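Source file: input.cif. Holds: mmCIF, C-alpha atoms.
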data_structure
loop_
_atom_site.label_atom_id
_atom_site.label_comp_id
_atom_site.auth_asym_id
_atom_site.auth_seq_id
_atom_site.Cartn_x
_atom_site.Cartn_y
_atom_site.Cartn_z
CA MET A 1 0.00 0.00 0.00
CA ALA A 2 1.05 3.59 -0.51
CA ILE A 3 2.58 5.10 2.63
CA LEU A 4 1.91 8.84 2.96
CA ALA A 5 3.22 11.39 5.42
CA PRO A 6 2.85 15.13 6.09
CA PHE A 7 5.97 17.27 5.92
CA LYS A 8 7.31 20.69 6.79
CA GLY A 9 7.07 22.31 3.40
CA ILE A 10 9.51 24.99 2.27
CA LEU A 11 7.57 27.93 0.85
CA TYR A 12 8.29 31.39 -0.46
CA ASN A 13 7.92 34.16 2.09
CA GLN A 14 5.23 36.18 0.35
CA GLU A 15 6.00 39.27 2.44
CA LYS A 16 9.46 39.37 0.86
CA VAL A 17 8.85 38.20 -2.71
CA GLY A 18 5.52 39.97 -3.24
CA ASP A 19 3.60 38.71 -6.27
CA MET A 20 3.94 34.90 -6.24
CA SER A 21 3.25 34.67 -9.96
CA LEU A 22 6.66 36.25 -10.55
CA VAL A 23 8.65 33.51 -8.81
CA VAL A 24 6.97 30.25 -9.93
CA THR A 25 7.47 28.36 -13.20
CA PRO A 26 6.09 25.33 -15.04
CA PRO A 27 8.02 22.05 -14.60
CA TYR A 28 11.55 22.08 -16.00
CA ASP A 29 10.82 19.74 -18.92
CA VAL A 30 8.37 22.09 -20.65
CA ILE A 31 10.54 25.20 -20.35
CA THR A 32 12.22 26.38 -23.56
CA LYS A 33 15.47 28.36 -23.73
CA GLU A 34 13.42 31.49 -24.36
CA ASP A 35 11.20 30.73 -21.37
CA GLN A 36 14.25 30.13 -19.21
CA GLU A 37 15.68 33.54 -20.00
CA ARG A 38 12.31 35.20 -19.44
CA TYR A 39 11.99 33.64 -15.99
CA TYR A 40 15.54 34.67 -15.13
CA GLN A 41 14.70 38.26 -15.95
CA ARG A 42 11.30 38.21 -14.28
CA HIS A 43 12.41 38.13 -10.64
CA PRO A 44 15.74 37.65 -8.78
CA TYR A 45 14.15 34.90 -6.67
CA ASN A 46 12.43 33.05 -9.50
CA THR A 47 12.55 29.30 -9.00
CA ILE A 48 14.11 28.85 -12.45
CA ARG A 49 17.46 29.37 -10.70
CA LEU A 50 16.78 26.18 -8.76
CA ILE A 51 15.14 23.83 -11.24
CA LEU A 52 16.79 24.81 -14.54
CA GLY A 53 19.93 26.88 -14.11
CA LYS A 54 22.09 28.21 -16.92
CA ASP A 55 25.30 26.64 -18.15
CA LEU A 56 28.04 29.28 -17.95
CA PRO A 57 31.52 29.55 -19.48
CA GLY A 58 34.12 28.03 -17.18
CA ASP A 59 31.74 25.58 -15.50
CA ASN A 60 33.40 22.44 -14.15
CA ASP A 61 32.71 19.60 -11.74
CA ARG A 62 32.97 21.93 -8.73
CA VAL A 63 31.18 25.01 -10.07
CA ASN A 64 28.16 24.56 -12.31
CA LYS A 65 24.40 25.05 -12.56
CA TYR A 66 23.80 22.38 -9.92
CA THR A 67 26.10 23.92 -7.31
CA ARG A 68 24.67 27.35 -8.10
CA ALA A 69 21.16 25.99 -7.48
CA ALA A 70 22.29 24.67 -4.08
CA ASN A 71 23.85 28.04 -3.24
CA TYR A 72 20.66 29.87 -4.16
CA LEU A 73 18.60 27.47 -2.05
CA ASP A 74 20.88 27.85 0.98
CA ARG A 75 21.05 31.64 0.65
CA TRP A 76 17.30 32.07 0.22
CA LEU A 77 16.69 29.97 3.31
CA GLU A 78 19.22 32.00 5.30
CA ASP A 79 17.61 35.26 4.15
CA ASP A 80 14.05 34.04 4.83
CA ILE A 81 13.14 34.30 1.15
CA LEU A 82 12.17 30.67 1.60
CA MET A 83 10.88 29.45 4.95
CA MET A 84 10.15 26.01 6.32
CA ASP A 85 6.77 25.46 7.94
CA ALA A 86 6.90 24.84 11.67
CA VAL A 87 4.32 22.03 11.66
CA PRO A 88 4.10 18.98 9.35
CA SER A 89 1.30 19.55 6.85
CA ILE A 90 -0.25 18.43 3.64
CA TYR A 91 -1.09 21.10 1.06
CA TYR A 92 -4.45 21.17 -0.66
CA CYS A 93 -4.48 22.59 -4.16
CA ARG A 94 -7.17 23.77 -6.55
CA GLN A 95 -6.49 24.75 -10.14
CA GLU A 96 -9.08 26.65 -12.16
CA PHE A 97 -8.56 26.68 -15.92
CA VAL A 98 -10.32 26.93 -19.26
CA ILE A 99 -10.17 24.49 -22.18
CA LYS A 100 -11.32 25.51 -25.67
CA ARG A 101 -12.79 28.75 -24.34
CA THR A 102 -15.55 26.91 -22.49
CA GLU A 103 -16.59 27.18 -18.88
CA LYS A 104 -14.04 27.04 -16.07
CA ILE A 105 -12.84 23.63 -14.94
CA THR A 106 -11.43 22.92 -11.47
CA ARG A 107 -8.96 20.15 -10.66
CA LYS A 108 -8.32 19.28 -7.03
CA GLY A 109 -5.48 17.49 -5.32
CA PHE A 110 -3.09 17.58 -2.38
CA ILE A 111 0.67 17.55 -1.89
CA ALA A 112 2.16 15.07 0.57
CA LEU A 113 5.17 12.82 0.98
CA VAL A 114 4.96 9.30 -0.43
CA LYS A 115 7.36 6.55 0.54
CA LEU A 116 9.47 5.47 -2.44
CA GLU A 117 8.66 2.01 -3.78
CA ASN A 118 10.14 -0.07 -6.57
CA PHE A 119 7.75 -0.35 -9.49
CA ASP A 120 7.52 -4.13 -9.19
CA SER A 121 5.85 -3.70 -5.79
CA GLY A 122 2.67 -2.53 -7.55
CA VAL A 123 2.30 0.36 -5.11
CA VAL A 124 3.54 3.12 -7.42
CA LEU A 125 2.93 2.42 -11.10
CA PRO A 126 4.48 4.16 -14.11
CA HIS A 127 2.92 4.35 -17.55
CA GLU A 128 5.62 5.95 -19.73
CA LYS A 129 9.17 5.14 -20.78
CA THR A 130 11.98 7.32 -19.50
CA MET A 131 15.31 8.47 -20.96
CA LYS A 132 18.78 8.33 -19.41
CA GLU A 133 19.85 11.95 -19.92
CA PRO A 134 17.02 13.66 -17.99
CA LYS A 135 17.47 11.21 -15.09
CA ALA A 136 21.21 11.90 -14.93
CA ASP A 137 20.51 15.65 -14.97
CA ARG A 138 17.89 15.47 -12.21
CA LEU A 139 20.11 13.23 -10.06
CA LYS A 140 22.94 15.76 -10.15
CA LEU A 141 20.50 18.47 -9.10
CA MET A 142 19.04 16.36 -6.30
CA GLU A 143 22.46 15.41 -4.99
CA SER A 144 23.55 19.05 -5.00
CA CYS A 145 20.42 20.55 -3.42
CA GLY A 146 19.21 17.72 -1.20
CA ALA A 147 15.62 18.64 -1.97
CA ASN A 148 12.52 17.84 -4.00
CA LEU A 149 12.12 21.07 -5.94
CA SER A 150 8.93 20.10 -7.81
CA PRO A 151 6.18 17.63 -6.92
CA ILE A 152 5.59 14.48 -8.94
CA PHE A 153 2.01 14.33 -10.26
CA SER A 154 0.26 11.03 -9.45
CA LEU A 155 -3.29 9.70 -9.54
CA TYR A 156 -5.25 7.57 -7.10
CA SER A 157 -8.74 6.06 -7.26
CA ASP A 158 -11.41 7.38 -4.89
CA VAL A 159 -14.79 6.86 -6.56
CA GLY A 160 -16.70 8.42 -3.68
CA LYS A 161 -14.35 11.44 -3.56
CA ASN A 162 -14.08 10.98 0.20
CA ILE A 163 -10.67 12.62 0.52
CA ASP A 164 -11.91 15.89 -0.99
CA VAL A 165 -14.81 15.89 1.46
CA ILE A 166 -12.52 15.24 4.45
CA ILE A 167 -10.20 18.10 3.54
CA GLU A 168 -12.73 20.63 2.30
CA GLU A 169 -14.76 20.40 5.50
CA LYS A 170 -11.76 21.70 7.43
CA ILE A 171 -10.03 24.26 5.22
CA SER A 172 -10.68 27.96 5.53
CA THR A 173 -12.49 30.04 2.93
CA HIS A 174 -9.33 31.82 1.85
CA PRO A 175 -6.18 30.00 0.68
CA PHE A 176 -2.79 31.17 1.93
CA MET A 177 -1.54 31.25 -1.67
CA ASP A 178 -3.58 32.44 -4.66
CA LEU A 179 -2.06 33.29 -8.04
CA ASP A 180 -2.63 33.20 -11.79
CA ASP A 181 0.07 31.78 -14.05
CA ASP A 182 1.09 32.89 -17.56
CA VAL A 183 -1.67 30.92 -19.29
CA GLY A 184 -4.42 32.11 -16.98
CA THR A 185 -4.68 29.07 -14.69
CA ARG A 186 -5.53 30.01 -11.13
CA HIS A 187 -3.58 28.13 -8.44
CA GLN A 188 -4.86 28.13 -4.84
CA LEU A 189 -3.09 26.44 -1.94
CA TRP A 190 -4.28 25.66 1.58
CA ARG A 191 -2.11 24.41 4.45
CA VAL A 192 -3.69 21.41 6.25
CA ASN A 193 -1.93 20.66 9.55
CA ASP A 194 -4.81 19.24 11.63
CA LYS A 195 -3.45 15.84 12.71
CA ASP A 196 -6.89 14.23 12.76
CA VAL A 197 -7.60 15.35 9.19
CA ILE A 198 -4.19 14.14 8.00
CA ASP A 199 -4.72 10.78 9.72
CA GLU A 200 -8.12 10.42 8.02
CA VAL A 201 -6.59 11.14 4.61
CA ILE A 202 -3.78 8.64 5.19
CA LYS A 203 -6.33 6.02 6.29
CA GLU A 204 -8.39 6.57 3.13
CA MET A 205 -5.24 5.97 1.05
CA GLU A 206 -4.56 2.56 2.62
CA GLY A 207 -4.43 -0.17 0.00
CA VAL A 208 -4.50 2.33 -2.87
CA SER A 209 -2.06 2.17 -5.77
CA LEU A 210 -0.66 5.37 -7.25
CA PHE A 211 -0.27 6.02 -10.97
CA ILE A 212 2.44 8.45 -12.03
CA ALA A 213 0.82 10.94 -14.39
CA ASP A 214 3.74 13.35 -14.81
CA GLY A 215 7.25 13.18 -13.41
CA HIS A 216 8.49 9.68 -14.28
CA HIS A 217 12.08 10.91 -14.59
CA ARG A 218 11.92 12.65 -11.22
CA TYR A 219 10.43 9.59 -9.50
CA GLU A 220 13.11 7.27 -10.86
CA THR A 221 15.71 9.86 -9.90
CA ALA A 222 14.37 9.93 -6.32
CA LEU A 223 14.57 6.12 -6.24
CA ASN A 224 18.18 6.18 -7.46
CA TYR A 225 19.09 8.87 -4.94
CA SER A 226 17.48 6.89 -2.12
CA ARG A 227 19.36 3.71 -3.06
CA LYS A 228 22.62 5.60 -3.20
CA MET A 229 22.03 7.18 0.21
CA GLN A 230 21.06 3.83 1.72
CA LYS A 231 24.37 2.32 0.61
CA SER A 232 26.43 5.14 2.10
CA ARG A 233 24.43 5.84 5.25
CA GLY A 234 22.45 2.69 6.02
CA PHE A 235 18.70 2.23 6.01
CA ARG A 236 16.11 2.53 8.75
CA GLY A 237 13.23 3.47 6.47
CA ASN A 238 12.16 6.79 7.97
CA GLU A 239 14.93 8.93 6.47
CA ALA A 240 13.67 11.87 4.45
CA TYR A 241 15.36 10.61 1.28
CA ASN A 242 13.18 7.48 1.37
CA TYR A 243 10.17 9.68 0.57
CA VAL A 244 9.34 11.94 -2.34
CA MET A 245 7.01 14.93 -2.61
CA MET A 246 3.90 14.18 -4.67
CA TYR A 247 0.82 16.00 -5.85
CA LEU A 248 -2.03 13.48 -5.67
CA SER A 249 -5.24 13.90 -7.63
CA ASN A 250 -8.26 11.62 -7.86
CA MET A 251 -8.57 9.94 -11.26
CA HIS A 252 -12.33 10.37 -10.87
CA ASP A 253 -11.97 14.13 -10.40
CA ASP A 254 -14.18 16.05 -12.83
CA GLY A 255 -11.28 18.36 -13.63
CA LEU A 256 -8.82 15.70 -14.81
CA VAL A 257 -7.82 16.59 -18.38
CA ILE A 258 -5.31 15.01 -20.79
CA LEU A 259 -4.25 17.01 -23.83
CA PRO A 260 -2.62 15.58 -26.97
CA THR A 261 1.11 15.78 -27.62
CA HIS A 262 1.80 16.24 -31.33
CA ARG A 263 4.95 15.08 -33.15
CA LEU A 264 7.14 17.56 -35.04
CA LEU A 265 9.58 15.88 -37.42
CA TYR A 266 12.89 17.09 -38.85
CA ASN A 267 16.11 15.79 -40.46
CA LEU A 268 14.18 13.44 -42.73
CA ASN A 269 16.02 12.57 -45.93
CA GLU A 270 14.27 12.84 -49.30
CA LEU A 271 10.78 13.37 -47.94
CA ASN A 272 8.39 13.33 -50.89
CA PRO A 273 4.78 14.22 -49.99
CA ALA A 274 3.27 12.28 -52.90
CA THR A 275 5.30 9.15 -52.12
CA PHE A 276 4.46 9.38 -48.45
CA CYS A 277 0.70 9.60 -49.09
CA GLN A 278 0.92 6.70 -51.55
CA LYS A 279 2.57 4.51 -48.91
CA ALA A 280 0.15 5.68 -46.23
CA GLU A 281 -2.86 4.67 -48.33
CA GLU A 282 -1.90 1.02 -47.88
CA TYR A 283 -3.12 1.27 -44.30
CA PHE A 284 -5.04 4.54 -44.01
CA HIS A 285 -7.91 6.38 -45.62
CA VAL A 286 -6.37 9.76 -46.52
CA ASP A 287 -8.66 12.81 -46.65
CA GLU A 288 -7.59 16.29 -47.72
CA PHE A 289 -8.73 19.62 -46.25
CA GLU A 290 -7.58 22.12 -48.84
CA PHE A 291 -7.05 25.76 -47.94
CA THR A 292 -5.89 29.07 -49.33
CA SER A 293 -4.53 32.10 -47.52
CA SER A 294 -8.05 33.49 -47.34
CA ASN A 295 -9.82 30.45 -45.86
CA ASP A 296 -7.01 28.80 -43.84
CA SER A 297 -8.64 29.58 -40.49
CA GLY A 298 -11.93 27.87 -41.34
CA ALA A 299 -10.30 24.87 -43.02
CA ARG A 300 -7.97 24.38 -40.07
CA ARG A 301 -10.82 24.55 -37.58
CA GLU A 302 -12.80 21.94 -39.53
CA PHE A 303 -9.68 19.77 -39.81
CA PHE A 304 -9.11 19.78 -36.04
CA ASN A 305 -12.84 19.21 -35.37
CA GLN A 306 -12.86 16.18 -37.66
CA LEU A 307 -9.66 14.83 -36.08
CA GLU A 308 -11.31 14.92 -32.67
CA ARG A 309 -14.66 13.58 -33.88
CA ARG A 310 -13.27 10.62 -35.82
CA GLY A 311 -10.78 9.86 -33.08
CA GLN A 312 -13.57 9.01 -30.67
CA ASN A 313 -14.00 5.57 -32.23
CA ARG A 314 -11.24 5.17 -34.84
CA HIS A 315 -7.47 5.56 -34.96
CA THR A 316 -7.12 8.89 -36.74
CA PHE A 317 -4.13 11.21 -37.19
CA GLY A 318 -3.66 14.65 -38.65
CA LEU A 319 -0.81 15.64 -40.93
CA TYR A 320 0.58 18.93 -42.20
CA MET A 321 3.67 19.14 -44.45
CA LYS A 322 5.82 22.16 -45.13
CA GLY A 323 4.59 24.08 -48.18
CA ALA A 324 1.37 22.07 -48.50
CA SER A 325 -1.96 23.66 -49.39
CA CYS A 326 -3.97 21.09 -47.47
CA TYR A 327 -4.25 19.34 -44.14
CA ASN A 328 -4.61 15.55 -44.20
CA LEU A 329 -6.52 13.13 -42.01
CA LEU A 330 -5.19 9.58 -41.90
CA THR A 331 -7.72 7.06 -40.57
CA LEU A 332 -6.68 3.44 -40.06
CA LYS A 333 -8.68 1.24 -42.41
CA SER A 334 -9.16 -1.62 -39.95
CA ASP A 335 -8.10 -2.47 -36.42
CA ASP A 336 -7.20 -5.92 -37.75
CA LEU A 337 -4.15 -4.36 -39.39
CA VAL A 338 -2.61 -3.62 -36.01
CA ASP A 339 -1.66 -7.24 -35.27
CA SER A 340 0.01 -7.57 -38.68
CA VAL A 341 2.30 -4.58 -38.08
CA ILE A 342 2.83 -4.47 -34.31
CA MET A 343 4.08 -8.01 -33.86
CA GLY A 344 5.73 -9.91 -31.07
CA ASP A 345 4.80 -10.05 -27.41
CA VAL A 346 3.27 -6.55 -27.21
CA PRO A 347 0.35 -6.19 -24.76
CA THR A 348 -3.00 -5.32 -26.30
CA VAL A 349 -3.27 -2.12 -24.27
CA LEU A 350 -0.15 -0.80 -26.02
CA LYS A 351 -1.12 -2.00 -29.47
CA ARG A 352 -4.38 -0.05 -29.37
CA LEU A 353 -2.84 3.28 -28.38
CA ASP A 354 -2.89 5.95 -31.07
CA VAL A 355 0.72 6.89 -30.27
CA SER A 356 1.83 3.26 -30.69
CA ILE A 357 0.04 2.94 -34.03
CA LEU A 358 1.50 6.22 -35.25
CA GLN A 359 4.97 5.12 -34.24
CA ALA A 360 4.77 1.61 -35.72
CA PHE A 361 2.90 2.29 -38.96
CA ILE A 362 4.21 5.73 -39.91
CA LEU A 363 7.28 6.85 -37.97
CA ASN A 364 8.99 3.42 -38.00
CA GLY A 365 7.36 1.88 -41.05
CA ILE A 366 7.01 4.61 -43.67
CA LEU A 367 9.55 7.18 -42.51
CA GLY A 368 12.14 4.74 -41.15
CA ILE A 369 12.67 6.49 -37.81
CA SER A 370 14.01 3.97 -35.28
CA ASP A 371 12.79 3.69 -31.71
CA GLN A 372 16.29 4.72 -30.61
CA SER A 373 16.08 7.92 -32.65
CA MET A 374 12.67 8.59 -31.10
CA GLU A 375 14.01 8.14 -27.57
CA SER A 376 16.98 10.41 -28.19
CA GLN A 377 14.79 12.90 -30.10
CA LYS A 378 17.07 12.93 -33.16
CA ASN A 379 14.16 13.37 -35.53
CA VAL A 380 11.19 14.20 -33.32
CA ASP A 381 10.16 17.04 -31.03
CA PHE A 382 6.92 17.26 -29.09
CA ILE A 383 4.38 20.07 -28.82
CA GLU A 384 0.90 20.50 -27.37
CA ASP A 385 -0.32 23.52 -29.33
CA GLY A 386 -1.58 22.54 -32.79
CA ASP A 387 -1.58 26.06 -34.24
CA LYS A 388 1.93 26.65 -32.93
CA ALA A 389 3.04 23.39 -34.54
CA ILE A 390 1.80 24.54 -37.96
CA GLU A 391 3.57 27.86 -37.47
CA LEU A 392 6.84 26.05 -36.71
CA VAL A 393 6.56 23.79 -39.77
CA ASN A 394 6.14 26.90 -41.92
CA LYS A 395 9.51 28.13 -40.64
CA ASP A 396 12.92 26.52 -41.07
CA LYS A 397 13.59 23.49 -38.87
CA TYR A 398 10.58 21.19 -39.12
CA GLN A 399 9.34 19.35 -42.22
CA LEU A 400 5.98 18.10 -41.02
CA VAL A 401 3.81 17.52 -37.98
CA PHE A 402 1.56 14.65 -37.01
CA PHE A 403 -1.42 15.54 -34.85
CA VAL A 404 -2.80 12.99 -32.37
CA ASN A 405 -5.83 12.74 -30.14
CA PRO A 406 -5.22 12.60 -26.38
CA THR A 407 -4.69 9.31 -24.58
CA ARG A 408 -7.65 8.52 -22.31
CA VAL A 409 -7.36 8.20 -18.52
CA LYS A 410 -8.75 4.66 -18.80
CA GLN A 411 -5.87 3.71 -21.11
CA VAL A 412 -3.33 5.15 -18.67
CA ASN A 413 -4.83 3.05 -15.88
CA GLU A 414 -4.84 -0.10 -18.00
CA ALA A 415 -1.20 0.36 -18.98
CA ALA A 416 -0.15 1.03 -15.41
CA PHE A 417 -2.04 -1.98 -14.01
CA ALA A 418 -0.55 -4.19 -16.73
CA GLN A 419 2.87 -2.81 -15.70
CA VAL A 420 3.77 -1.84 -19.26
CA ARG A 421 5.26 1.44 -20.41
CA MET A 422 3.67 3.64 -23.06
CA PRO A 423 5.86 5.40 -25.64
CA GLN A 424 7.33 8.64 -24.36
CA LYS A 425 5.09 11.69 -24.43
CA SER A 426 1.92 9.59 -24.59
CA THR A 427 0.13 11.89 -22.17
CA PHE A 428 0.01 15.57 -21.28
CA PHE A 429 -2.00 16.09 -18.13
CA TYR A 430 -3.25 19.66 -18.04
CA PRO A 431 -2.65 21.98 -16.34
CA LYS A 432 0.86 21.37 -15.10
CA LEU A 433 1.48 21.90 -11.39
CA LEU A 434 3.79 24.84 -10.88
CA SER A 435 7.31 24.51 -9.54
CA GLY A 436 7.95 26.79 -6.58
CA LEU A 437 4.67 26.33 -4.75
CA VAL A 438 6.16 23.92 -2.18
CA LEU A 439 9.64 22.42 -1.78
CA ASN A 440 10.75 19.54 0.41
CA SER A 441 14.12 18.99 2.07
CA ILE A 442 15.54 15.45 1.82
CA ALA A 443 19.07 16.38 2.88
CA PRO A 444 20.37 13.95 5.51
CA PRO A 445 21.64 15.33 8.80
CA PRO A 446 25.43 15.68 9.09
CA SER A 447 27.10 12.33 9.76
#

If you took the structure in this file and wrote it as structure tokens, what would it be?
Amino acid sequence: MAILAPFKGILYNQEKVGDMSLVVTPPYDVITKEDQERYYQRHPYNTIRLILGKDLPGDNDRVNKYTRAANYLDRWLEDDILMMDAVPSIYYCRQEFVIKRTEKITRKGFIALVKLENFDSGVVLPHEKTMKEPKADRLKLMESCGANLSPIFSLYSDVGKNIDVIIEEKISTHPFMDLDDDVGTRHQLWRVNDKDVIDEVIKEMEGVSLFIADGHHRYETALNYSRKMQKSRGFRGNEAYNYVMMYLSNMHDDGLVILPTHRLLYNLNELNPATFCQKAEEYFHVDEFEFTSSNDSGARREFFNQLERRGQNRHTFGLYMKGASCYNLLTLKSDDLVDSVIMGDVPTVLKRLDVSILQAFILNGILGISDQSMESQKNVDFIEDGDKAIELVNKDKYQLVFFVNPTRVKQVNEAAFAQVRMPQKSTFFYPKLLSGLVLNSIAPPPS
């Protein structure tokens, strides 16, 4: 079973930093170079200096972005820019956001410590593959700072939504933190330090498995750090480095949203649009949505609407190529084709994923991009914004973009329970939880 615990969170001193929206950021893995610079300039105490520091000329093993992050953390704690709570707490979070310009949606969850477990225990379950480089990067940062700087986002199952009821009956009307981020999502945070309430929440979580929604690299990094510390310092089980900070949301929450992650392709040799479509027609029905400069907006809107509509019951992908005067929809002719292309001992839950079909039939099969190239992102970048993707293809680097429909929560659960990993970037849970809301110290006491 998942073992949870409250903790003394490290939080920004709002009296000193002022507007909290100026010091928080999205998670490190969605921050571009341009974003990084913008956050650096935004505020001298912006959390970017902790989670994604700059490489500077002259950096070496002793002085680098990881040691600078540790120095910032130590200095901000000394100067009361960051302060540790006096009482162990869990932190209740609400996020209000808008999708497709419709009514506001609210996602609820809470931040607590979760005891680290190996995946084969069945207590904490992953659903996506990870890559070596991000884990090595995050381990260096964790070793330098001795802290969880961003919460891992995980899901649990509570059909009756009992945990929300337990917490919401006790929290005050006004949160202690309330801010809007750059995309207009409102983040509210309440401190819950009533021992009886915390005990009730922990009791409700007994016997529950957790599904990692976002933060696979950080979870595996925390596991590696814990193992390393256990070897050097021994193991009793209650050391801080045997736990990791998690944001936990109910998979039955009405505000749980997964967005698609589209595939931008580049460095493809001799890409011929006519030849590609001819090869694709062996497996897919190919429909064109022609446009001119005067009607692009309407054609694009209809294209995206049809992608979503057809994707509800068929494997359908969108395609836009550089210089084209049309958008294409590729709809798999028959599900029976899947077993003839995705062969071997591949679980059914993976075979039926849109991202798996796209990868096997098109990226591997037609375009010849290997799984290794995918994992190292030699030919593929990922993006959530469809309009932005088209804009990028029309510029220099990218040759085409494939649009996908979002993976469903049910599919994530099935993959996790089957203990199989989806292809990378199969899910994009929205909105992201901000870095800088709460930090957690895992530094061991001096030996």

I need the residue set behind the PyMOL selection byres ((chain A and resi 107) around 8) for this file; please write it as a PDB file with C-alpha atoms, in the coordinates of the input.
ATOM      1  CA  ARG A  94      -7.170  23.770  -6.550  1.00  0.00           C
ATOM      2  CA  GLN A  95      -6.490  24.750 -10.140  1.00  0.00           C
ATOM      3  CA  GLU A  96      -9.080  26.650 -12.160  1.00  0.00           C
ATOM      4  CA  ILE A 105     -12.840  23.630 -14.940  1.00  0.00           C
ATOM      5  CA  THR A 106     -11.430  22.920 -11.470  1.00  0.00           C
ATOM      6  CA  LYS A 108      -8.320  19.280  -7.030  1.00  0.00           C
ATOM      7  CA  GLY A 109      -5.480  17.490  -5.320  1.00  0.00           C
ATOM      8  CA  SER A 249      -5.240  13.900  -7.630  1.00  0.00           C
ATOM      9  CA  ASP A 253     -11.970  14.130 -10.400  1.00  0.00           C
ATOM     10  CA  ASP A 254     -14.180  16.050 -12.830  1.00  0.00           C
ATOM     11  CA  GLY A 255     -11.280  18.360 -13.630  1.00  0.00           C
ATOM     12  CA  LEU A 256      -8.820  15.700 -14.810  1.00  0.00           C
TER      13      LEU A 256
END

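Straight-line separation from CA of Pro88 (chain A) to CA of Ile10 (chain A): 10.7 Å.
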
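The neighbours of Asp61 (chain A) here are the residues that come within 12 Å of it, using all atoms listed in the file and leaving out any residue fewer than 5 positions away in the same chain; they are Tyr66, Thr67, Arg68, Lys140 and Ser144 of chain A.
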
Given the point (2.0, 6.4, -25.2) in the coordinates of this file, which residues lie within 9 Å, counting all atoms listed in the file, and how would they look as a list in words? His127, Glu128, Lys129, Leu350, Leu353, Asp354, Val355, Ser356, Thr407, Val412, Arg421, Met422, Pro423, Gln424, Lys425, Ser426 and Thr427 of chain A

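Ranking A:Val393, A:Met131, A:Val124, A:Leu149 by their shortest atom-to-atom distance to Gly436 (chain A), with all atoms listed in the file included, puts A:Leu149 first.
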
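Atom pair CA of Ala274 (chain A) / CA of Asn364 (chain A) has a distance of 18.3 Å (rounded to one decimal).
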
Box in all listed atoms of region 19-37 of chain A, axis-aligned, with 8 Å more on each side; write out centre and edge lengths in Å to one decimal as lines of an AutoDock Vina configuration file.
center_x = 9.5
center_y = 29.2
center_z = -15.3
size_x = 28.4
size_y = 35.0
size_z = 34.1

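Going from CA of Ile390 (chain A) to CA of Leu319 (chain A) covers 9.7 Å.
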
Report as a PyMOL selection string the full result of the PyMOL selection byres ((chain A and resi 337) around 12) when it is applied to this structure. chain A and resi 282-284+315+332-336+338-343+351-352+357+360-361

Can those selected residues be exported to a file as a PDB file, in the frame of the given file so that it contains C-alpha atoms?
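Okay, this is what ended up in again-v2.pdb:
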ATOM      1  CA  GLU A 282      -1.900   1.020 -47.880  1.00  0.00           C
ATOM      2  CA  TYR A 283      -3.120   1.270 -44.300  1.00  0.00           C
ATOM      3  CA  PHE A 284      -5.040   4.540 -44.010  1.00  0.00           C
ATOM      4  CA  HIS A 315      -7.470   5.560 -34.960  1.00  0.00           C
ATOM      5  CA  LEU A 332      -6.680   3.440 -40.060  1.00  0.00           C
ATOM      6  CA  LYS A 333      -8.680   1.240 -42.410  1.00  0.00           C
ATOM      7  CA  SER A 334      -9.160  -1.620 -39.950  1.00  0.00           C
ATOM      8  CA  ASP A 335      -8.100  -2.470 -36.420  1.00  0.00           C
ATOM      9  CA  ASP A 336      -7.200  -5.920 -37.750  1.00  0.00           C
ATOM     10  CA  VAL A 338      -2.610  -3.620 -36.010  1.00  0.00           C
ATOM     11  CA  ASP A 339      -1.660  -7.240 -35.270  1.00  0.00           C
ATOM     12  CA  SER A 340       0.010  -7.570 -38.680  1.00  0.00           C
ATOM     13  CA  VAL A 341       2.300  -4.580 -38.080  1.00  0.00           C
ATOM     14  CA  ILE A 342       2.830  -4.470 -34.310  1.00  0.00           C
ATOM     15  CA  MET A 343       4.080  -8.010 -33.860  1.00  0.00           C
ATOM     16  CA  LYS A 351      -1.120  -2.000 -29.470  1.00  0.00           C
ATOM     17  CA  ARG A 352      -4.380  -0.050 -29.370  1.00  0.00           C
ATOM     18  CA  ILE A 357       0.040   2.940 -34.030  1.00  0.00           C
ATOM     19  CA  ALA A 360       4.770   1.610 -35.720  1.00  0.00           C
ATOM     20  CA  PHE A 361       2.900   2.290 -38.960  1.00  0.00           C
TER      21      PHE A 361
END

List the residues matched by the PyMOL selection byres ((chain A and resi 90) around 7) in the displayed structure as a count of residues only, ordered by chain and then by residue number. 11

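The neighbours of Arg300 (chain A) here are the residues that come within 12 Å of it, using all atoms listed in the file and leaving out any residue fewer than 3 positions away in the same chain; they are Glu288, Phe289, Glu290, Phe291, Thr292, Ser293, Ser294, Asn295, Asp296, Ser297, Phe303, Phe304, Asn305, Gln306, Leu307, Gly318, Leu319, Tyr320, Ser325, Cys326, Tyr327, Asn328, Leu329, Gly386, Asp387 and Ile390 of chain A.
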
Per residue of region 32-143 of chain A within 6 Å of region 210-226 of chain A, note the shortest atom pair and the distance in Å to one decimal, counting all atoms listed in the file, and order the rows by chain and increasing residue number, as a tab-separated table.
residue	atom	partner	partner_atom	distance
A:Val124	CA	A:Leu210	CA	4.8
A:Leu125	CA	A:Phe211	CA	4.8
A:Pro126	CA	A:Ile212	CA	5.2
A:Lys135	CA	A:His217	CA	5.4
A:Leu139	CA	A:Thr221	CA	5.5

Considering all atoms listed in the file, state which residue in the set A:Met84, A:Ile152, A:Ala389, A:Leu358 is at the smallest distance from Met246 (chain A). A:Ile152

Exercise: Leu268 (chain A) partners within 8 Å, only C-alpha atoms, chain neighbours under 4 positions left out, as a PyMOL selection string: chain A and resi 367+379+399

Skipping near chain neighbours, those fewer than 6 positions away, what residues fall within 8 Å of Phe382 (chain A) using only C-alpha atoms, listed as a ChimeraX atom specification? /A:261-264,425
